[in-house]
$ cat target_18.txt   # compact mmCIF, C-alpha atoms and all ligand atoms
# COMPACT_ATOMS: atom_id res chain seq x y z
CA MET W 1 0.00 0.00 0.00
CA LYS W 2 1.21 3.50 -0.82
CA TYR W 3 -0.05 6.32 1.40
CA LEU W 4 -0.18 10.01 0.53
CA THR W 5 -1.16 13.12 2.48
CA VAL W 6 -1.91 16.27 0.45
CA TYR W 7 -2.91 19.57 2.03
CA SER W 8 -3.59 23.18 1.17
CA SER W 9 -2.89 25.79 3.85
CA LYS W 10 -2.65 29.55 3.53
CA THR W 11 -1.85 30.45 7.13
CA GLY W 12 -0.61 27.13 8.59
CA ASN W 13 -3.70 25.70 10.37
CA THR W 14 -4.41 22.90 7.92
CA GLN W 15 -0.70 22.17 7.62
CA MET W 16 -0.61 21.43 11.38
CA ILE W 17 -3.42 18.91 11.02
CA ALA W 18 -1.83 17.38 7.90
CA GLU W 19 1.45 16.86 9.76
CA ALA W 20 -0.34 15.23 12.71
CA ILE W 21 -2.05 12.84 10.28
CA HIS W 22 1.17 12.11 8.40
CA GLN W 23 2.87 11.15 11.67
CA ILE W 24 0.55 8.20 12.19
CA MET W 25 0.76 7.00 8.57
CA PRO W 26 2.80 3.84 7.93
CA ASP W 27 6.56 4.17 7.26
CA GLY W 28 7.31 5.35 3.73
CA SER W 29 4.17 7.50 3.49
CA GLU W 30 4.51 10.81 1.69
CA ILE W 31 3.23 14.32 2.47
CA TYR W 32 3.08 17.32 0.14
CA PRO W 33 1.53 20.76 0.01
CA VAL W 34 -0.97 20.63 -2.83
CA GLN W 35 1.16 22.93 -5.00
CA GLN W 36 3.88 20.24 -5.09
CA ALA W 37 1.72 17.13 -4.88
CA PRO W 38 2.28 14.27 -7.31
CA ALA W 39 -0.60 12.85 -9.37
CA PRO W 40 -2.84 10.74 -7.14
CA ASP W 41 -2.75 7.75 -9.52
CA GLY W 42 0.21 5.94 -7.96
CA TYR W 43 -1.23 5.81 -4.41
CA ASP W 44 -3.70 3.48 -2.68
CA PHE W 45 -4.84 5.69 0.23
CA ILE W 46 -4.94 9.48 0.10
CA ALA W 47 -5.57 11.84 3.03
CA VAL W 48 -6.56 15.08 1.36
CA GLY W 49 -7.35 18.32 3.15
CA GLY W 50 -7.73 22.05 2.91
CA TRP W 51 -9.30 25.10 4.48
CA VAL W 52 -12.90 26.20 4.08
CA ASP W 53 -13.34 29.15 1.73
CA LYS W 54 -16.86 30.48 1.24
CA GLY W 55 -18.43 27.27 2.45
CA MET W 56 -16.39 24.82 0.43
CA PRO W 57 -12.85 23.45 0.15
CA ASP W 58 -10.42 26.14 -1.06
CA LYS W 59 -9.83 26.14 -4.80
CA LEU W 60 -6.46 24.35 -4.79
CA THR W 61 -7.92 21.55 -2.68
CA ALA W 62 -11.10 21.35 -4.78
CA ASP W 63 -9.03 21.09 -7.98
CA TYR W 64 -6.85 18.33 -6.54
CA MET W 65 -9.87 16.43 -5.17
CA GLN W 66 -11.36 16.34 -8.65
CA ARG W 67 -8.19 14.68 -9.97
CA ILE W 68 -8.62 11.73 -7.56
CA GLN W 69 -10.55 8.80 -9.02
CA GLY W 70 -11.22 5.26 -7.81
CA LYS W 71 -9.20 5.67 -4.58
CA THR W 72 -9.73 5.17 -0.88
CA VAL W 73 -9.58 8.58 0.75
CA GLY W 74 -9.93 10.43 4.06
CA ILE W 75 -10.77 14.13 4.19
CA PHE W 76 -9.58 16.74 6.71
CA MET W 77 -10.43 20.43 6.83
CA THR W 78 -10.12 23.48 9.07
CA LEU W 79 -12.55 26.39 9.21
CA GLY W 80 -13.48 29.45 11.24
CA ALA W 81 -16.97 28.18 12.12
CA TYR W 82 -17.69 25.62 14.85
CA PRO W 83 -16.95 22.04 13.75
CA ASP W 84 -20.43 20.86 14.82
CA SER W 85 -22.24 23.59 12.84
CA ASP W 86 -24.42 23.12 9.74
CA HIS W 87 -21.84 25.25 7.92
CA ALA W 88 -19.11 22.71 8.76
CA ARG W 89 -21.34 19.80 7.72
CA ASP W 90 -22.28 21.50 4.43
CA SER W 91 -18.62 22.30 3.70
CA MET W 92 -17.63 18.68 4.30
CA GLN W 93 -20.48 17.50 2.10
CA LYS W 94 -19.16 19.70 -0.72
CA ALA W 95 -15.75 18.04 -0.29
CA GLU W 96 -17.35 14.60 -0.44
CA GLU W 97 -19.19 15.58 -3.62
CA LEU W 98 -15.89 16.66 -5.19
CA LEU W 99 -14.55 13.19 -4.36
CA LYS W 100 -17.36 11.21 -5.95
CA GLY W 101 -16.01 8.13 -7.69
CA ASN W 102 -13.85 7.38 -4.62
CA THR W 103 -14.47 5.62 -1.30
CA VAL W 104 -14.44 8.20 1.50
CA CYS W 105 -13.52 6.24 4.64
CA GLY W 106 -13.69 9.07 7.13
CA THR W 107 -13.54 12.81 7.71
CA PHE W 108 -12.10 15.22 10.25
CA ILE W 109 -12.82 18.93 10.69
CA CYS W 110 -11.78 21.45 13.35
CA GLN W 111 -11.61 25.18 13.84
CA GLY W 112 -8.62 27.21 12.70
CA LYS W 113 -7.71 30.80 13.56
CA VAL W 114 -8.99 33.25 10.96
CA ASP W 115 -6.48 35.54 9.26
CA PRO W 116 -6.58 38.89 11.19
CA LYS W 117 -6.50 40.73 7.84
CA LEU W 118 -9.80 39.09 6.88
CA ILE W 119 -11.33 39.94 10.28
CA GLU W 120 -10.28 43.57 9.91
CA MET W 121 -11.72 43.68 6.40
CA MET W 122 -15.04 42.22 7.60
CA GLN W 123 -15.10 44.72 10.46
CA LYS W 124 -14.62 47.65 8.09
CA MET W 125 -17.09 46.30 5.55
CA THR W 126 -19.89 45.80 8.09
CA GLN W 127 -19.34 48.51 10.72
CA ASP W 128 -22.10 50.77 9.39
CA ASN W 129 -24.45 47.92 8.61
CA PRO W 130 -25.44 45.81 11.64
CA ASP W 131 -27.79 43.70 9.45
CA HIS W 132 -24.98 42.57 7.19
CA PRO W 133 -24.68 38.73 7.29
CA HIS W 134 -21.04 39.09 8.39
CA ALA W 135 -21.65 41.85 10.96
CA MET W 136 -19.35 41.68 14.02
CA ASP W 137 -22.01 40.80 16.55
CA GLU W 138 -21.30 39.10 19.89
CA GLU W 139 -21.90 35.63 18.45
CA ARG W 140 -19.36 36.17 15.66
CA LYS W 141 -16.81 37.74 18.02
CA GLY W 142 -17.12 34.72 20.35
CA ARG W 143 -16.71 32.28 17.45
CA LEU W 144 -13.64 34.08 16.12
CA ALA W 145 -12.14 34.19 19.62
CA GLU W 146 -12.62 30.43 19.94
CA ALA W 147 -11.21 29.85 16.44
CA ALA W 148 -8.13 31.83 17.46
CA LYS W 149 -7.24 29.00 19.90
CA HIS W 150 -7.21 26.33 17.16
CA PRO W 151 -5.89 24.05 15.93
CA ASN W 152 -4.53 23.12 19.34
CA GLU W 153 -2.76 20.00 20.61
CA GLN W 154 -6.10 18.28 21.23
CA ASP W 155 -7.21 18.91 17.62
CA CYS W 156 -3.96 17.37 16.36
CA GLN W 157 -4.46 14.35 18.61
CA ASN W 158 -8.08 13.98 17.49
CA ALA W 159 -7.06 14.12 13.81
CA ALA W 160 -4.30 11.55 14.40
CA GLN W 161 -6.75 9.29 16.27
CA LYS W 162 -9.36 9.54 13.51
CA PHE W 163 -6.88 8.64 10.77
CA THR W 164 -5.38 5.84 12.89
CA GLU W 165 -8.87 4.31 12.98
CA ILE W 166 -9.41 4.87 9.25
CA ILE W 167 -6.14 3.17 8.36
CA ALA W 168 -6.69 0.29 10.80
CA ALA W 169 -10.02 -0.43 9.08
CA LEU W 170 -8.63 -0.47 5.52
C1 LIG W 201 -10.70 34.25 2.11
C2 LIG W 201 -11.15 33.40 3.29
C3 LIG W 201 -12.40 32.81 3.25
C4 LIG W 201 -12.85 32.04 4.32
N1 LIG W 201 -14.09 31.48 4.27
C5 LIG W 201 -14.54 30.75 5.33
C6 LIG W 201 -15.86 30.18 5.31
O1 LIG W 201 -16.61 30.28 4.35
N2 LIG W 201 -16.26 29.50 6.41
C7 LIG W 201 -15.46 29.33 7.51
O2 LIG W 201 -15.91 28.69 8.46
N3 LIG W 201 -14.20 29.82 7.55
C8 LIG W 201 -13.73 30.52 6.48
N4 LIG W 201 -12.45 31.03 6.50
C9 LIG W 201 -11.56 30.70 7.64
C10 LIG W 201 -10.53 29.59 7.28
O3 LIG W 201 -11.16 28.48 6.68
C11 LIG W 201 -9.79 29.12 8.52
O4 LIG W 201 -9.18 30.19 9.20
C12 LIG W 201 -8.76 28.04 8.19
O5 LIG W 201 -8.35 27.39 9.38
C13 LIG W 201 -7.52 28.59 7.48
O6 LIG W 201 -6.65 27.51 7.23
P1 LIG W 201 -5.11 27.69 6.84
O7 LIG W 201 -4.40 28.32 8.01
O8 LIG W 201 -4.65 26.27 6.63
O9 LIG W 201 -5.02 28.53 5.62
C14 LIG W 201 -12.00 31.81 5.44
C15 LIG W 201 -10.72 32.39 5.46
C16 LIG W 201 -10.28 33.17 4.39
C17 LIG W 201 -8.91 33.79 4.44
$ encode --input "target_18.txt" --output "structure tokens"
Amino acid sequence: MKYLTVYSSKTGNTQMIAEAIHQIMPDGSEIYPVQQAPAPDGYDFIAVGGWVDKGMPDKLTADYMQRIQGKTVGIFMTLGAYPDSDHARDSMQKAEELLKGNTVCGTFICQGKVDPKLIEMMQKMTQDNPDHPHAMDEERKGRLAEAAKHPNEQDCQNAAQKFTEIIAAL
């Protein structure tokens, strides 16, 4: 069996999770950022992951997912929203749809700190419009404050545990 981990990460959150997953992969497994990833064809199991951008996997991840066909895969993602939210579930479902034609053996998603530049931009964009869907209300501030603590050591352990189980069941 040949094992591959491929990830996309703009600010390092998803990279942390990818590295935690790679650590529990069998000896000889490979890990690449998506920009340098080999074609998926030569591998038997692929852990593929990215960050959530506008409710779906970021474009680099989405493009790579669509190149995978007839494989056994596990998906991991990070996002600003809570991992048990509908938004997280919908985002993961979009990833699974991009991987149709493959066997998805398991998924993992956790929060990841949101780029302060994006937060500042949202603040400016919505400050005069409290009804804006991205307005900085108390709920959003609380969610962003929680996201700022992730991924943490527990998230990395949870991701490693999930992929240990996936691989044991192959
Ligand atoms: C342009 C942009 C769009 C984003 N869109 C979403 C989104 O739709 N939903 C969400 O929950 N988080 C969103 N986020 C937050 C990221 O998914 C989150 O911070 C992620 O952990 C970043 O991962 P990275 O550090 O690996 O790049 C967005 C972040 C950026 C920069």
$ residues_near_ligand --input "target_18.txt" --ligand "ligand LIG 201 (chain W)" --cutoff "6 Å" --atoms "all atoms listed in the file" --output "PyMOL selection string"
chain W and resi 9-15+51-55+78-81+111-115+118
$ atom_distance --input "target_18.txt" --atom1 "CA of Val34 in chain W" --atom2 "CA of Ala95 in chain W"
15.2 Å
$ atom_distance --input "target_18.txt" --atom1 "CA of Cys105 in chain W" --atom2 "CA of Tyr82 in chain W"
22.3 Å
$ residues_around --input "target_18.txt" --residues "Tyr3 in chain W" --least-positions-apart "4" --cutoff "6 Å" --atoms "all atoms listed in the file" --output "list of chain:residue names"
W:Ser29, W:Tyr43, W:Phe45, W:Ile46
$ closest_residue --input "target_18.txt" --among "W:Met16, W:Val6, W:Thr107, W:Ala88" --to "Met65 in chain W" --atoms "only C-alpha atoms"
W:Val6
$ residues_around --input "target_18.txt" --residues "range 119-131 of chain W" --least-positions-apart "3" --cutoff "12 Å" --atoms "only C-alpha atoms" --output "JSON, numbers by chain"
{"W": [80, 113, 114, 115, 116, 134, 135, 136, 137, 138, 140, 141, 143, 144, 145, 147, 148]}
$ closest_residue --input "target_18.txt" --among "W:Val48, W:Ile68, W:Ile166, W:Thr5" --to "Gly28 in chain W" --atoms "all atoms listed in the file"
W:Thr5
$ closest_residue --input "target_18.txt" --among "W:Asp58, W:Gly42, W:Arg89, W:Phe108" --to "Gln161 in chain W" --atoms "all atoms listed in the file"
W:Phe108
$ closest_residue --input "target_18.txt" --among "W:Gly49, W:Pro38, W:Pro151, W:Gly142" --to "His22 in chain W" --atoms "all atoms listed in the file"
W:Gly49
$ atom_distance --input "target_18.txt" --atom1 "CA of Asn152 in chain W" --atom2 "CA of Ser85 in chain W"
18.9 Å
$ residues_around --input "target_18.txt" --residues "Tyr64 in chain W" --least-positions-apart "2" --cutoff "10 Å" --atoms "all atoms listed in the file" --output "list in words"
Val6, Tyr7, Ser8, Val34, Gln35, Ala37, Ala39, Pro40, Val48, Gly49, Lys59, Leu60, Thr61, Ala62, Gln66, Arg67, Ile68, Leu98 and Leu99 of chain W
$ closest_residue --input "target_18.txt" --among "W:His132, W:Asp155, W:Thr164, W:Val73" --to "Gln23 in chain W" --atoms "only C-alpha atoms"
W:Thr164
$ closest_residue --input "target_18.txt" --among "W:Thr103, W:Gln154, W:Thr72, W:Ser91" --to "Met1 in chain W" --atoms "only C-alpha atoms"
W:Thr72
$ build_atoms --input "target_18.txt" --residues "range 13-29 of chain W" --atoms "N, CA and C atoms" --output "PDB file, in the frame of the given file"
ATOM      1  N   ASN W  13      -2.816  26.538   9.534  1.00  0.00           N
ATOM      2  CA  ASN W  13      -3.700  25.700  10.370  1.00  0.00           C
ATOM      3  C   ASN W  13      -3.833  24.290   9.799  1.00  0.00           C
ATOM      4  N   THR W  14      -4.168  24.214   8.523  1.00  0.00           N
ATOM      5  CA  THR W  14      -4.410  22.900   7.920  1.00  0.00           C
ATOM      6  C   THR W  14      -3.101  22.121   7.808  1.00  0.00           C
ATOM      7  N   GLN W  15      -2.007  22.834   7.664  1.00  0.00           N
ATOM      8  CA  GLN W  15      -0.700  22.170   7.620  1.00  0.00           C
ATOM      9  C   GLN W  15      -0.425  21.431   8.946  1.00  0.00           C
ATOM     10  N   MET W  16      -0.800  22.073  10.073  1.00  0.00           N
ATOM     11  CA  MET W  16      -0.610  21.430  11.380  1.00  0.00           C
ATOM     12  C   MET W  16      -1.358  20.104  11.462  1.00  0.00           C
ATOM     13  N   ILE W  17      -2.595  20.132  10.981  1.00  0.00           N
ATOM     14  CA  ILE W  17      -3.420  18.910  11.020  1.00  0.00           C
ATOM     15  C   ILE W  17      -2.833  17.862  10.068  1.00  0.00           C
ATOM     16  N   ALA W  18      -2.415  18.315   8.886  1.00  0.00           N
ATOM     17  CA  ALA W  18      -1.830  17.380   7.900  1.00  0.00           C
ATOM     18  C   ALA W  18      -0.600  16.689   8.497  1.00  0.00           C
ATOM     19  N   GLU W  19       0.225  17.445   9.198  1.00  0.00           N
ATOM     20  CA  GLU W  19       1.450  16.860   9.760  1.00  0.00           C
ATOM     21  C   GLU W  19       1.121  15.858  10.867  1.00  0.00           C
ATOM     22  N   ALA W  20       0.088  16.165  11.654  1.00  0.00           N
ATOM     23  CA  ALA W  20      -0.340  15.230  12.710  1.00  0.00           C
ATOM     24  C   ALA W  20      -0.834  13.921  12.083  1.00  0.00           C
ATOM     25  N   ILE W  21      -1.541  14.033  10.968  1.00  0.00           N
ATOM     26  CA  ILE W  21      -2.050  12.840  10.280  1.00  0.00           C
ATOM     27  C   ILE W  21      -0.874  12.055   9.676  1.00  0.00           C
ATOM     28  N   HIS W  22       0.023  12.774   9.040  1.00  0.00           N
ATOM     29  CA  HIS W  22       1.170  12.110   8.400  1.00  0.00           C
ATOM     30  C   HIS W  22       1.980  11.306   9.418  1.00  0.00           C
ATOM     31  N   GLN W  23       2.077  11.837  10.642  1.00  0.00           N
ATOM     32  CA  GLN W  23       2.870  11.150  11.670  1.00  0.00           C
ATOM     33  C   GLN W  23       2.365   9.759  12.006  1.00  0.00           C
ATOM     34  N   ILE W  24       1.066   9.543  11.847  1.00  0.00           N
ATOM     35  CA  ILE W  24       0.550   8.200  12.190  1.00  0.00           C
ATOM     36  C   ILE W  24       0.433   7.302  10.951  1.00  0.00           C
ATOM     37  N   MET W  25       0.804   7.814   9.798  1.00  0.00           N
ATOM     38  CA  MET W  25       0.760   7.000   8.570  1.00  0.00           C
ATOM     39  C   MET W  25       1.903   5.979   8.616  1.00  0.00           C
ATOM     40  N   PRO W  26       1.735   4.851   7.934  1.00  0.00           N
ATOM     41  CA  PRO W  26       2.800   3.840   7.930  1.00  0.00           C
ATOM     42  C   PRO W  26       4.119   4.402   7.377  1.00  0.00           C
ATOM     43  N   ASP W  27       5.233   3.762   7.755  1.00  0.00           N
ATOM     44  CA  ASP W  27       6.560   4.170   7.260  1.00  0.00           C
ATOM     45  C   ASP W  27       6.549   4.239   5.734  1.00  0.00           C
ATOM     46  N   GLY W  28       7.237   5.227   5.190  1.00  0.00           N
ATOM     47  CA  GLY W  28       7.310   5.350   3.730  1.00  0.00           C
ATOM     48  C   GLY W  28       6.202   6.194   3.144  1.00  0.00           C
ATOM     49  N   SER W  29       5.265   6.639   3.987  1.00  0.00           N
ATOM     50  CA  SER W  29       4.170   7.500   3.490  1.00  0.00           C
ATOM     51  C   SER W  29       4.735   8.852   3.088  1.00  0.00           C
TER      52      SER W  29
END
